[in-house]
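Colleague: Contents of entry-v6.cif (mmCIF, C-alpha atoms) are given next:
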data_my_file
loop_
_atom_site.label_atom_id
_atom_site.label_comp_id
_atom_site.auth_asym_id
_atom_site.auth_seq_id
_atom_site.Cartn_x
_atom_site.Cartn_y
_atom_site.Cartn_z
CA MET A 1 106.36 142.93 87.67
CA ARG A 2 108.44 144.93 85.24
CA ASN A 3 110.30 141.80 84.25
CA LEU A 4 107.03 140.00 83.69
CA LEU A 5 105.82 142.80 81.40
CA MET A 6 109.12 142.74 79.52
CA PHE A 7 108.74 138.99 79.14
CA ILE A 8 105.20 139.31 77.80
CA ILE A 9 106.22 142.05 75.36
CA ARG A 10 109.21 140.10 74.18
CA TYR A 11 107.39 136.83 73.63
CA TYR A 12 103.93 138.22 72.86
CA PHE A 13 103.83 136.35 69.55
CA VAL A 14 104.41 132.93 71.10
CA ILE A 15 102.07 133.72 73.99
CA LEU A 16 99.37 134.84 71.59
CA PHE A 17 99.92 131.71 69.55
CA ILE A 18 99.63 129.43 72.58
CA PHE A 19 96.59 131.33 73.77
CA LEU A 20 94.77 131.05 70.44
CA GLU A 21 95.72 127.39 69.99
CA SER A 22 94.44 126.55 73.47
CA LEU A 23 91.27 128.47 72.74
CA SER A 24 90.78 126.50 69.53
CA LEU A 25 91.46 123.23 71.27
CA ILE A 26 88.96 124.06 74.01
CA LEU A 27 86.41 124.94 71.34
CA VAL A 28 87.08 121.65 69.56
CA VAL A 29 86.69 119.58 72.69
CA ARG A 30 83.61 121.43 73.92
CA ASN A 31 81.70 121.54 70.67
CA ASN A 32 82.50 118.32 68.86
CA ASN A 33 81.05 115.19 70.37
CA PHE A 34 83.57 112.76 68.98
CA GLN A 35 86.59 114.70 70.18
CA LYS A 36 84.88 115.38 73.48
CA ALA A 37 84.22 111.69 74.06
CA ARG A 38 87.78 110.74 73.20
CA PHE A 39 89.18 113.48 75.41
CA VAL A 40 87.09 112.42 78.41
CA THR A 41 87.86 108.73 77.83
CA TYR A 42 91.56 109.42 77.64
CA PHE A 43 91.64 111.36 80.90
CA GLN A 44 89.45 108.85 82.65
CA SER A 45 91.59 105.92 81.63
CA THR A 46 94.72 107.78 82.71
CA ALA A 47 93.19 108.58 86.08
CA GLY A 48 92.01 105.00 86.40
CA TYR A 49 95.49 103.70 85.69
CA ILE A 50 97.01 105.96 88.35
CA TYR A 51 94.35 105.09 90.93
CA ASN A 52 94.92 101.42 90.22
CA LYS A 53 98.67 101.73 90.85
CA ILE A 54 98.08 103.63 94.08
CA ASP A 55 95.61 101.00 95.17
CA ILE A 56 98.09 98.17 94.58
CA LEU A 57 100.71 100.05 96.57
CA THR A 58 98.49 100.79 99.55
CA GLU A 59 97.18 97.25 99.51
CA TYR A 60 100.74 96.04 99.95
CA LEU A 61 101.35 98.48 102.78
CA TYR A 62 98.27 97.28 104.65
CA LEU A 63 99.07 93.59 104.10
CA GLN A 64 100.47 93.13 107.59
CA LYS A 65 97.42 94.69 109.17
CA ALA A 66 95.18 92.51 107.04
CA ASN A 67 97.08 89.40 108.11
CA GLN A 68 96.73 90.26 111.77
CA LYS A 69 93.06 90.92 111.30
CA LEU A 70 92.53 87.57 109.62
CA ALA A 71 94.47 85.74 112.33
CA ALA A 72 92.39 87.44 115.02
CA GLU A 73 89.22 86.56 113.18
CA ASN A 74 90.28 82.94 112.82
CA THR A 75 90.94 82.78 116.55
CA GLU A 76 87.54 84.19 117.28
CA LEU A 77 85.85 81.73 114.96
CA LYS A 78 87.70 78.79 116.44
CA ASN A 79 86.62 79.84 119.91
CA ILE A 80 82.98 79.55 118.99
CA LEU A 81 83.35 76.23 117.18
CA ARG A 82 81.08 73.61 118.61
CA ARG A 83 83.94 71.10 118.68
CA MET A 84 85.82 73.14 121.25
CA TYR A 85 83.05 72.84 123.83
CA ARG A 86 82.51 69.77 125.87
CA SER A 87 79.11 68.52 126.64
CA ASP A 88 78.49 68.35 130.35
CA GLU A 89 75.06 66.85 129.92
CA VAL A 90 76.19 63.38 130.88
CA PHE A 91 77.19 64.33 134.42
CA PHE A 92 75.22 62.13 136.75
CA TYR A 93 74.21 64.95 138.96
CA GLY A 94 72.24 67.43 136.97
CA GLU A 95 73.54 70.63 138.45
CA HIS A 96 74.47 72.33 135.21
CA ASP A 97 73.15 75.63 134.11
CA THR A 98 74.91 75.64 130.77
CA VAL A 99 74.72 72.93 128.18
CA TYR A 100 78.20 73.49 126.81
CA ARG A 101 81.30 74.56 128.61
CA GLN A 102 84.35 75.72 126.79
CA HIS A 103 87.11 73.16 126.82
CA TYR A 104 89.85 74.73 124.73
CA PHE A 105 90.81 78.31 124.23
CA TYR A 106 92.67 79.57 121.19
CA THR A 107 94.90 82.55 120.78
CA SER A 108 96.90 83.52 117.74
CA ALA A 109 100.62 84.18 117.66
CA ARG A 110 103.28 84.73 115.13
CA ILE A 111 106.44 82.69 114.71
CA ILE A 112 109.48 84.92 114.90
CA ASN A 113 112.16 82.25 114.91
CA ASN A 114 112.12 78.79 113.43
CA SER A 115 114.54 76.05 112.50
CA ILE A 116 114.16 72.66 110.85
CA ASN A 117 117.73 71.55 110.28
CA LYS A 118 118.75 70.43 113.77
CA GLN A 119 117.88 67.35 115.76
CA HIS A 120 116.24 69.46 118.48
CA ASN A 121 114.32 72.19 116.74
CA PHE A 122 112.59 74.99 118.58
CA LEU A 123 110.28 77.80 117.51
CA THR A 124 109.86 81.18 119.12
CA LEU A 125 106.48 82.94 119.32
CA ASN A 126 105.91 86.67 119.71
CA LYS A 127 103.56 86.28 122.67
CA GLY A 128 104.17 85.25 126.24
CA THR A 129 102.69 85.24 129.72
CA VAL A 130 101.18 88.68 129.19
CA ILE A 131 98.72 87.08 126.80
CA GLY A 132 98.30 84.07 129.05
CA ILE A 133 100.55 81.56 127.37
CA LYS A 134 101.88 78.90 129.73
CA PRO A 135 104.16 75.90 129.28
CA GLU A 136 102.57 72.68 128.02
CA MET A 137 100.12 74.37 125.73
CA ALA A 138 99.61 73.04 122.24
CA VAL A 139 100.65 75.00 119.16
CA ILE A 140 98.84 74.31 115.91
CA SER A 141 98.64 75.95 112.53
CA SER A 142 95.78 75.95 110.08
CA ASP A 143 97.39 72.95 108.34
CA GLY A 144 98.05 70.77 111.38
CA ILE A 145 99.99 70.48 114.58
CA VAL A 146 103.23 72.38 115.21
CA GLY A 147 104.47 71.64 118.72
CA VAL A 148 104.20 72.24 122.43
CA VAL A 149 105.07 75.37 124.40
CA LYS A 150 108.10 74.77 126.57
CA GLY A 151 109.27 78.02 128.16
CA VAL A 152 107.66 81.45 128.35
CA SER A 153 108.84 84.93 129.18
CA ASN A 154 106.67 88.04 129.41
CA ARG A 155 106.46 88.56 125.69
CA PHE A 156 107.91 85.45 124.09
CA ALA A 157 107.43 81.73 124.18
CA THR A 158 109.62 78.90 122.98
CA VAL A 159 107.96 75.92 121.42
CA ILE A 160 109.32 72.43 121.03
CA SER A 161 108.73 71.75 117.40
CA LEU A 162 107.31 68.43 116.29
CA LEU A 163 110.65 68.24 114.51
CA ASN A 164 112.42 67.58 117.78
CA THR A 165 113.53 64.07 118.54
CA ASP A 166 112.59 64.62 122.21
CA LEU A 167 108.90 65.22 121.54
CA LYS A 168 106.47 62.35 121.44
CA ILE A 169 102.82 62.89 120.88
CA SER A 170 99.85 60.62 120.78
CA GLY A 171 98.06 60.14 117.47
CA LYS A 172 95.40 57.90 116.02
CA PHE A 173 93.89 56.85 112.72
CA LYS A 174 90.90 58.84 111.81
CA LYS A 175 89.11 55.88 110.23
CA ASN A 176 89.36 53.30 113.03
CA ASN A 177 90.69 55.12 116.12
CA TYR A 178 93.73 52.86 116.66
CA TYR A 179 96.25 54.98 118.48
CA GLY A 180 99.99 55.05 118.73
CA SER A 181 102.80 57.50 119.30
CA LEU A 182 104.39 59.85 116.83
CA PHE A 183 107.91 61.21 116.86
CA TRP A 184 110.49 62.58 114.50
CA ASP A 185 113.51 60.52 113.57
CA GLY A 186 115.62 63.56 112.74
CA MET A 187 115.79 62.83 109.00
CA ASP A 188 113.25 64.45 106.69
CA TYR A 189 111.48 67.56 107.93
CA ARG A 190 108.30 66.53 106.15
CA LYS A 191 107.99 63.05 107.63
CA VAL A 192 107.52 61.61 111.12
CA LEU A 193 107.31 58.02 112.37
CA PHE A 194 104.15 56.51 113.78
CA ARG A 195 104.62 53.44 115.97
CA GLU A 196 102.76 51.08 118.26
CA ILE A 197 100.04 50.21 115.77
CA PRO A 198 99.44 46.48 116.04
CA TYR A 199 99.96 44.18 113.08
CA HIS A 200 96.32 43.21 112.60
CA VAL A 201 95.14 46.75 111.93
CA ASP A 202 94.14 47.36 108.34
CA ILE A 203 95.99 50.40 107.02
CA SER A 204 96.60 51.72 103.57
CA LEU A 205 98.52 54.54 101.98
CA GLY A 206 96.87 57.94 102.36
CA ASP A 207 95.12 57.19 105.65
CA THR A 208 94.71 60.29 107.79
CA VAL A 209 96.39 60.50 111.17
CA ILE A 210 94.98 62.92 113.76
CA THR A 211 95.72 63.73 117.39
CA SER A 212 94.12 61.37 119.83
CA GLY A 213 93.19 63.87 122.50
CA PHE A 214 94.52 61.50 125.19
CA SER A 215 97.22 63.87 126.36
CA THR A 216 96.07 66.94 128.19
CA ILE A 217 97.88 69.09 125.66
CA PHE A 218 96.39 68.63 122.21
CA PRO A 219 92.68 68.67 121.54
CA GLY A 220 91.50 65.57 119.74
CA GLY A 221 91.05 65.52 116.01
CA ILE A 222 93.78 67.95 114.95
CA LEU A 223 95.28 66.94 111.62
CA ILE A 224 98.82 65.53 111.69
CA GLY A 225 99.40 63.94 108.30
CA THR A 226 98.79 61.06 105.95
CA VAL A 227 100.40 57.64 105.72
CA CYS A 228 103.00 57.57 102.97
CA ASP A 229 104.84 54.34 103.79
CA TYR A 230 104.52 51.38 106.20
CA GLU A 231 106.25 48.10 107.00
CA VAL A 232 106.11 45.47 109.70
CA LYS A 233 109.02 45.75 112.07
CA GLY A 234 109.92 43.85 115.22
CA GLY A 235 107.13 41.29 115.10
CA ASN A 236 103.75 42.62 116.03
CA PHE A 237 103.88 46.31 115.23
CA TYR A 238 103.93 48.47 112.15
CA GLU A 239 106.47 51.16 111.54
CA ILE A 240 104.54 53.78 109.64
CA THR A 241 105.91 56.89 107.99
CA VAL A 242 103.51 59.81 108.10
CA GLU A 243 103.83 62.77 105.78
CA LEU A 244 103.06 65.95 107.74
CA THR A 245 100.38 68.30 106.51
CA THR A 246 102.13 71.20 108.24
CA ASP A 247 104.95 72.65 106.20
CA PHE A 248 107.45 73.72 108.84
CA LYS A 249 109.40 75.72 106.31
CA ASN A 250 106.76 78.36 105.71
CA LEU A 251 105.01 78.63 109.05
CA ASP A 252 103.96 82.14 109.96
CA TYR A 253 100.82 82.53 112.04
CA VAL A 254 99.90 79.78 114.48
CA SER A 255 97.33 79.24 117.19
CA VAL A 256 98.18 78.43 120.79
CA VAL A 257 95.63 76.13 122.38
CA SER A 258 95.00 76.19 126.09
CA ASN A 259 93.15 73.31 127.72
CA LEU A 260 90.89 74.94 130.25
CA GLN A 261 90.21 71.74 132.16
CA ARG A 262 93.74 70.43 132.09
CA GLN A 263 94.40 71.09 135.76
CA GLU A 264 91.29 69.26 136.83
CA GLN A 265 92.10 66.27 134.64
CA LEU A 266 95.70 66.08 135.84
CA GLU A 267 94.72 66.29 139.50
CA LEU A 268 92.24 63.50 139.09
CA GLU A 269 94.69 61.28 137.23
CA GLN A 270 97.50 61.93 139.70
CA SER A 271 95.32 61.13 142.66
CA PHE A 272 95.13 57.55 141.39
CA ASP A 273 98.83 57.34 140.68
CA ASN A 274 99.59 58.27 144.29
CA ASP A 275 97.60 55.42 145.67
CA MET B 1 95.52 152.31 51.96
CA ILE B 2 91.74 152.14 52.32
CA ASN B 3 91.60 150.47 48.94
CA PHE B 4 94.17 148.00 50.17
CA LEU B 5 92.05 147.13 53.21
CA TYR B 6 88.92 146.64 51.08
CA ARG B 7 90.79 144.34 48.74
CA ASN B 8 91.88 142.14 51.62
CA ILE B 9 88.39 142.05 53.11
CA GLY B 10 86.98 141.25 49.69
CA ARG B 11 89.52 138.43 49.27
CA PHE B 12 88.58 137.07 52.69
CA ILE B 13 84.90 136.92 51.74
CA VAL B 14 85.51 135.48 48.29
CA LEU B 15 87.81 132.76 49.60
CA VAL B 16 85.43 131.76 52.38
CA LEU B 17 82.55 131.58 49.90
CA ILE B 18 84.57 129.51 47.40
CA GLN B 19 85.59 127.17 50.19
CA VAL B 20 82.15 126.77 51.72
CA LEU B 21 80.03 126.69 48.58
CA ILE B 22 82.25 124.80 46.17
CA LEU B 23 85.30 123.09 47.61
CA ASP B 24 83.62 121.63 50.70
CA ASN B 25 81.37 119.71 48.35
CA ILE B 26 84.29 118.18 46.46
CA GLN B 27 85.55 114.93 47.91
CA PHE B 28 87.43 112.42 45.83
CA SER B 29 86.75 108.95 47.20
CA GLY B 30 86.46 110.29 50.72
CA TYR B 31 90.16 110.88 50.87
CA VAL B 32 90.96 114.20 49.31
CA ASN B 33 89.52 117.46 50.54
CA PRO B 34 91.11 120.66 49.21
CA PHE B 35 91.31 123.74 51.42
CA MET B 36 91.93 126.84 49.38
CA TYR B 37 90.94 129.43 51.99
CA VAL B 38 94.46 129.31 53.52
CA LEU B 39 95.45 131.37 50.48
CA PHE B 40 94.22 134.41 52.41
CA ILE B 41 96.98 133.97 55.00
CA LEU B 42 99.53 133.26 52.27
CA LEU B 43 98.73 136.45 50.36
CA LEU B 44 98.79 138.88 53.29
CA PRO B 45 101.37 141.61 52.70
CA PHE B 46 104.86 141.37 54.19
CA GLU B 47 104.29 144.41 56.37
CA THR B 48 101.37 142.81 58.27
CA PRO B 49 102.30 142.65 61.99
CA ASN B 50 102.68 139.16 63.44
CA TRP B 51 99.86 139.51 65.96
CA LEU B 52 97.46 140.55 63.21
CA ILE B 53 98.34 137.53 61.06
CA ILE B 54 97.74 135.08 63.88
CA LEU B 55 94.52 136.83 64.89
CA LEU B 56 93.27 136.87 61.30
CA GLY B 57 94.15 133.19 61.09
CA PHE B 58 91.96 132.52 64.10
CA VAL B 59 89.06 134.52 62.72
CA LEU B 60 89.37 132.89 59.29
CA GLY B 61 89.52 129.39 60.72
CA LEU B 62 86.58 130.04 63.01
CA THR B 63 84.52 131.41 60.08
CA ILE B 64 85.12 128.22 58.09
CA ASP B 65 84.32 126.21 61.22
CA LEU B 66 80.96 127.94 61.61
CA PHE B 67 79.97 126.94 58.11
CA SER B 68 81.24 123.36 58.21
CA ASN B 69 80.11 122.71 61.80
CA THR B 70 83.55 121.76 63.10
CA ILE B 71 84.02 124.45 65.76
CA GLY B 72 87.68 124.98 66.59
CA MET B 73 89.33 122.53 64.21
CA HIS B 74 90.06 124.87 61.31
CA ALA B 75 90.89 127.64 63.78
CA PHE B 76 93.44 125.35 65.41
CA ALA B 77 95.12 124.50 62.13
CA THR B 78 95.01 128.03 60.69
CA VAL B 79 96.45 129.62 63.84
CA PHE B 80 99.35 127.19 63.67
CA MET B 81 99.93 128.03 60.03
CA ALA B 82 99.78 131.77 60.73
CA PHE B 83 102.27 131.26 63.54
CA LEU B 84 104.70 129.57 61.14
CA ARG B 85 104.36 132.17 58.37
CA PRO B 86 106.87 134.77 59.68
CA HIS B 87 109.44 132.05 60.40
CA VAL B 88 109.03 130.47 56.97
CA LEU B 89 109.34 133.87 55.30
CA LYS B 90 112.59 134.44 57.20
CA ILE B 91 114.04 131.08 56.19
CA ILE B 92 113.30 131.30 52.44
CA LYS B 93 114.16 134.99 52.16
CA PRO B 94 115.71 135.89 48.75
CA HIS B 95 119.23 137.44 48.61
CA ASP B 96 118.08 141.02 48.39
CA GLY B 97 115.23 140.65 50.89
CA TYR B 98 111.61 141.63 50.41
CA GLU B 99 111.40 145.03 48.70
CA PRO B 100 108.65 147.44 49.76
CA GLY B 101 105.67 147.35 47.44
CA THR B 102 105.97 143.62 46.71
CA PHE B 103 103.62 140.85 47.81
CA PRO B 104 104.23 137.13 48.41
CA ARG B 105 103.09 136.03 44.97
CA ILE B 106 104.32 134.20 41.87
CA TYR B 107 104.16 137.47 39.98
CA TYR B 108 106.90 139.02 42.15
CA PHE B 109 109.09 136.13 43.30
CA GLY B 110 108.56 133.35 40.76
CA LEU B 111 106.97 129.91 40.87
CA THR B 112 109.77 128.08 42.72
CA TRP B 113 109.86 130.52 45.60
CA PHE B 114 106.08 130.50 45.89
CA LEU B 115 105.91 126.69 45.83
CA ARG B 116 108.45 126.39 48.64
CA TYR B 117 106.63 129.06 50.62
CA SER B 118 103.16 127.67 50.21
CA ILE B 119 103.87 123.93 50.39
CA ILE B 120 105.41 124.25 53.87
CA LEU B 121 102.49 126.29 55.18
CA VAL B 122 99.73 124.34 53.46
CA PHE B 123 101.25 121.07 54.60
CA SER B 124 101.47 122.26 58.22
CA HIS B 125 97.87 123.45 58.06
CA HIS B 126 96.55 120.20 56.58
CA LEU B 127 98.60 118.09 58.97
CA PHE B 128 97.13 119.78 62.04
CA LEU B 129 93.65 119.86 60.57
CA PHE B 130 93.44 116.17 59.68
CA TYR B 131 94.97 114.96 62.92
CA ILE B 132 92.75 117.11 65.11
CA GLU B 133 89.82 115.79 63.11
CA ILE B 134 90.73 112.12 63.60
CA PHE B 135 91.96 112.86 67.16
CA ARG B 136 94.01 109.68 67.57
CA PHE B 137 97.25 108.21 66.33
CA THR B 138 96.05 104.69 65.61
CA ASP B 139 95.30 105.44 61.94
CA PHE B 140 98.49 107.42 61.62
CA PHE B 141 99.54 106.42 58.10
CA SER B 142 96.16 106.41 56.41
CA THR B 143 95.67 109.92 57.80
CA LEU B 144 99.09 110.92 56.51
CA ILE B 145 98.14 109.73 53.02
CA ARG B 146 94.98 111.83 53.20
CA VAL B 147 97.08 114.82 54.26
CA ILE B 148 99.54 114.44 51.39
CA LEU B 149 96.87 113.92 48.72
CA SER B 150 94.87 116.90 49.97
CA VAL B 151 97.99 119.07 50.05
CA LEU B 152 98.67 118.18 46.40
CA PHE B 153 95.13 119.03 45.38
CA SER B 154 95.04 122.27 47.39
CA MET B 155 98.37 123.30 45.90
CA VAL B 156 97.10 122.78 42.35
CA ILE B 157 94.10 125.03 43.05
CA ILE B 158 96.19 127.65 44.86
CA VAL B 159 98.81 127.87 42.10
CA LEU B 160 96.17 128.00 39.34
CA SER B 161 94.32 130.76 41.19
CA GLN B 162 97.55 132.75 41.14
CA TYR B 163 97.39 132.78 37.36
CA PHE B 164 93.66 133.35 36.92
CA ILE B 165 92.02 135.10 39.91
CA PHE B 166 94.53 136.77 42.22
CA ARG B 167 97.15 137.80 39.71
CA LYS B 168 98.29 141.01 41.31
#
Mind converting the file's structure to structure tokens?
Modeller:
Amino acid sequence: MRNLLMFIIRYYFVILFIFLESLSLILVVRNNNFQKARFVTYFQSTAGYIYNKIDILTEYLYLQKANQKLAAENTELKNILRRMYRSDEVFFYGEHDTVYRQHYFYTSARIINNSINKQHNFLTLNKGTVIGIKPEMAVISSDGIVGVVKGVSNRFATVISLLNTDLKISGKFKKNNYYGSLFWDGMDYRKVLFREIPYHVDISLGDTVITSGFSTIFPGGILIGTVCDYEVKGGNFYEITVELTTDFKNLDYVSVVSNLQRQEQLELEQSFDND
Amino acid sequence: MINFLYRNIGRFIVLVLIQVLILDNIQFSGYVNPFMYVLFILLLPFETPNWLIILLGFVLGLTIDLFSNTIGMHAFATVFMAFLRPHVLKIIKPHDGYEPGTFPRIYYFGLTWFLRYSIILVFSHHLFLFYIEIFRFTDFFSTLIRVILSVLFSMVIIVLSQYFIFRK
């Protein structure tokens, strides 16, 4: 306290000066409209600038949460898509109490490991049996197909990428439904080969190739890619190069598709094979 | 002593009236605006305590503000000038110091000394006044030209008044 008094006595002139100058400045700002407006504008724009910076920062921090939310929302929306329900109306005995029954079930997952530079490429997902993922489920992204689930643990799942020379999937042309099989030749990670299309089929560059829905794994109508090159090889069949719509280099969030009636379909089909 | 006080009060009133009634109505091409009232601070005796100078500066500035409807602006500039006065006096002190019984005027210390003394203070006053009036730095140089021209004009009036009105 004594030191404070000594300080005030010693520097009373400067303190008085600062006091009177502040008083004058307050009077200026309070009583003159022009200065008042400029003063307020200046402080508001400064505060706005700071708030803006903080907002950008927090937005970045919540980006992960926002991504997860969007992926969950996408999953939910896909689950209520009409396309994912199968009409049971055509059953010859009319014992149905619902018009539509869900055929495919989607769940979202994140890719935590990925490769494109080997001949047998695999992906790893961050979800496993706890969520209900089983082998032989389809994995698709918003751009197109990705692969098929191969092995699962409690919390992880490995996926055979489409970029694996062992995987063959069934595809068809969107415009005329001719189907064939697709596989990767181990060369370019953006292109796969499409075979078994007969010579007489009319195809042109840019035609869309989609999944056929014949396998019990992929739902029909999922985008695969577009025709970027074709030639006749070995007599009666085309060898078509399809450019993938999925970019395997920047995959992040994917959907795992479970076919709810797969078991039933397989049992029925196998019962004929056994005969 | 009483006489001395009355003379200062009288000078205060006269300078405020000159400023408000005459000089505030003079404006050359919107650029030049002389402020003679700061002469009151310049002419205060050497013995005046620092706190009194700065307080008088505030009162003087506020009085001018009341008349010209610019509350606070002249007070701001005059307080700053009053704050500088003791420091300026110390810097330009003559060899044998300020003798008792003398005043900061041409009559006692000569024209050169008075010009150095007053130009620094008048310039600091005008600088603060014009910039607080414009309240931004975007027109920095045009404001600076206004400051310099007004300082020249104010100085002419202040020096002439030393020969005709406030001789002693």
Colleague: With a cut-off of 7 Å and counting only C-alpha atoms, select all residues of chain B in contact with chain A and give the selection as number ranges by chain.
Modeller: B: 50-51, 54, 70-73, 75-76, 79, 83, 135
Colleague: Find the residues around Leu205 (chain A) up to 10 Å (only C-alpha atoms counted), leave out those fewer than 2 positions away in its own chain, and share them as a list in words.
Modeller: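 Once the nearby chain positions are removed, what remains is Ile203, Asp207, Thr208, Thr226, Val227, Cys228, Asp229, Tyr230, Ile240, Thr241 and Val242 of chain A.
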Colleague: Quick one: of A:Thr165, A:Ser258, A:Ser212, A:Thr41, who's nearest to Gln119 (chain A), counting all atoms listed in the file?
Modeller: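 Looking at the shortest contact to Gln119 (chain A), the residue is A:Thr165.
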Colleague: Near Ile134 (chain B), counting all atoms listed in the file, which residues have an atom at most 10 Å away, once you skip same-chain residues fewer than 4 positions from it, shown as a list in words?
Modeller: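 Within the cut-off, the hits are Phe34 and Gln35 of chain A; Leu129, Phe130, Thr138, Asp139, Phe140 and Thr143 of chain B.
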Colleague: Taking 5 positions as the minimum chain separation for residues in the same chain, which residues sit within 8 Å of Trp184 (chain A) when counting all atoms listed in the file? Answer as a PyMOL selection string.
Modeller: chain A and resi 162-165+167+191-193
Colleague: May I have the selected residues written with C-alpha atoms, as a short mmCIF file (atom, residue, chain, number, x, y, z; two decimals), keeping the file's coordinate frame?
Modeller:
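Okay, this is what ended up in again35.cif:
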data_model
loop_
_atom_site.label_atom_id
_atom_site.label_comp_id
_atom_site.auth_asym_id
_atom_site.auth_seq_id
_atom_site.Cartn_x
_atom_site.Cartn_y
_atom_site.Cartn_z
CA LEU A 162 107.31 68.43 116.29
CA LEU A 163 110.65 68.24 114.51
CA ASN A 164 112.42 67.58 117.78
CA THR A 165 113.53 64.07 118.54
CA LEU A 167 108.90 65.22 121.54
CA LYS A 191 107.99 63.05 107.63
CA VAL A 192 107.52 61.61 111.12
CA LEU A 193 107.31 58.02 112.37
#
Colleague: Residues around (104.5, 82.4, 106.1), cut-off 12 Å, counting all atoms listed in the file - what are they as a PyMOL selection string?
Modeller: chain A and resi 64+67+110-114+141-142+246-254
Colleague: One decimal, in Å: what's the spacing between CA of Ile119 (chain B) and CA of Val151 (chain B)?
Modeller: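 These atoms are spaced 7.6 Å apart.
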Colleague: Which distance in Å separates CA of Arg2 (chain A) and CA of Leu56 (chain B), to one decimal?
Modeller: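 Computing the Euclidean distance for CA of Arg2 (chain A) and CA of Leu56 (chain B) yields 29.5 Å.
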Colleague: (102.6, 53.0, 124.5) in this file's frame - what residues fall within 7 Å of it? Use all atoms listed in the file and give the answer as a PyMOL selection string.
Modeller: chain A and resi 180-181+196
Colleague: Run the PyMOL selection byres ((chain A and resi 131) around 9) against the file shown and list the residues it catches, as a ChimeraX atom specification.
Modeller: /A:107,127-130,132-133,154-155
Colleague: Would you kindly return, as a count of residues only, each protein, DNA or RNA residue with an atom no farther than 10 Å from any atom of Phe103 (chain B), considering only C-alpha atoms and excluding same-chain residues fewer than 2 positions away?
Modeller: 16
Colleague: Run through the PyMOL selection byres ((chain B and resi 9-19) around 10) on the given coordinates and return the selected residues as a ChimeraX atom specification.
Modeller: /B:3-8,20-26,34-41,43,56,60-61,63-64,67-68,166
Colleague: Just to confirm, what's the straight-line distance from CA of Asn176 (chain A) to CA of Phe237 (chain A) in Å (one decimal)?
Modeller: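 Interatomic distance here is 16.3 Å.
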Colleague: Do you know which residues the PyMOL selection byres ((chain A and resi 177) around 12) returns on this file, as number ranges by chain?
Modeller: A: 170-176, 178-180, 197, 201-203, 207-214, 220-221
Colleague: Compile the contact shell of Asn117 (chain A) as a VMD selection string: residues with an atom at most 9 Å away, counting all atoms listed in the file, same-chain residues fewer than 2 positions apart removed.
Modeller: chain A and resid 115 119 to 121 163 186 189
Colleague: Tell me which of B:Phe114, B:Leu152, B:Glu133, B:Ser161 sits closest to Asn69 (chain B), counting only C-alpha atoms.
Modeller: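 The answer is B:Glu133, which sits nearest to Asn69 (chain B).
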Colleague: Let me have the centre and edge lengths of the axis-aligned box enclosing all listed atoms of region 129-139 of chain B with 8 Å padding on every side, in Å to one decimal, as lines of an AutoDock Vina configuration file.
Modeller:
center_x = 93.5
center_y = 112.3
center_z = 63.6
size_x = 23.4
size_y = 31.2
size_z = 23.9
Colleague: For region 41-48 of chain B, where the input has fewer atoms than it should, I would like N, CA, C and O atoms rebuilt and written as a PDB file, in the frame of the given file.
Modeller:
ATOM      1  N   ILE B  41      95.813 133.760  54.129  1.00  0.00           N
ATOM      2  CA  ILE B  41      96.980 133.970  55.000  1.00  0.00           C
ATOM      3  C   ILE B  41      98.250 134.077  54.164  1.00  0.00           C
ATOM      4  O   ILE B  41      99.120 134.913  54.405  1.00  0.00           O
ATOM      5  N   LEU B  42      98.340 133.251  53.111  1.00  0.00           N
ATOM      6  CA  LEU B  42      99.530 133.260  52.270  1.00  0.00           C
ATOM      7  C   LEU B  42      99.729 134.603  51.592  1.00  0.00           C
ATOM      8  O   LEU B  42     100.853 135.083  51.438  1.00  0.00           O
ATOM      9  N   LEU B  43      98.618 135.243  51.182  1.00  0.00           N
ATOM     10  CA  LEU B  43      98.730 136.450  50.360  1.00  0.00           C
ATOM     11  C   LEU B  43      98.792 137.737  51.167  1.00  0.00           C
ATOM     12  O   LEU B  43      98.907 138.812  50.589  1.00  0.00           O
ATOM     13  N   LEU B  44      98.712 137.649  52.499  1.00  0.00           N
ATOM     14  CA  LEU B  44      98.790 138.880  53.290  1.00  0.00           C
ATOM     15  C   LEU B  44     100.125 139.578  53.033  1.00  0.00           C
ATOM     16  O   LEU B  44     101.146 138.917  52.845  1.00  0.00           O
ATOM     17  N   PRO B  45     100.127 140.896  53.014  1.00  0.00           N
ATOM     18  CA  PRO B  45     101.370 141.610  52.700  1.00  0.00           C
ATOM     19  C   PRO B  45     102.466 141.375  53.736  1.00  0.00           C
ATOM     20  O   PRO B  45     102.184 141.010  54.879  1.00  0.00           O
ATOM     21  N   PHE B  46     103.720 141.593  53.296  1.00  0.00           N
ATOM     22  CA  PHE B  46     104.860 141.370  54.190  1.00  0.00           C
ATOM     23  C   PHE B  46     104.808 142.240  55.440  1.00  0.00           C
ATOM     24  O   PHE B  46     105.294 141.867  56.493  1.00  0.00           O
ATOM     25  N   GLU B  47     104.244 143.449  55.278  1.00  0.00           N
ATOM     26  CA  GLU B  47     104.290 144.410  56.370  1.00  0.00           C
ATOM     27  C   GLU B  47     103.291 144.081  57.485  1.00  0.00           C
ATOM     28  O   GLU B  47     103.329 144.708  58.541  1.00  0.00           O
ATOM     29  N   THR B  48     102.377 143.112  57.257  1.00  0.00           N
ATOM     30  CA  THR B  48     101.370 142.810  58.270  1.00  0.00           C
ATOM     31  C   THR B  48     102.071 142.413  59.573  1.00  0.00           C
ATOM     32  O   THR B  48     102.949 141.547  59.563  1.00  0.00           O
TER      33      THR B  48
END
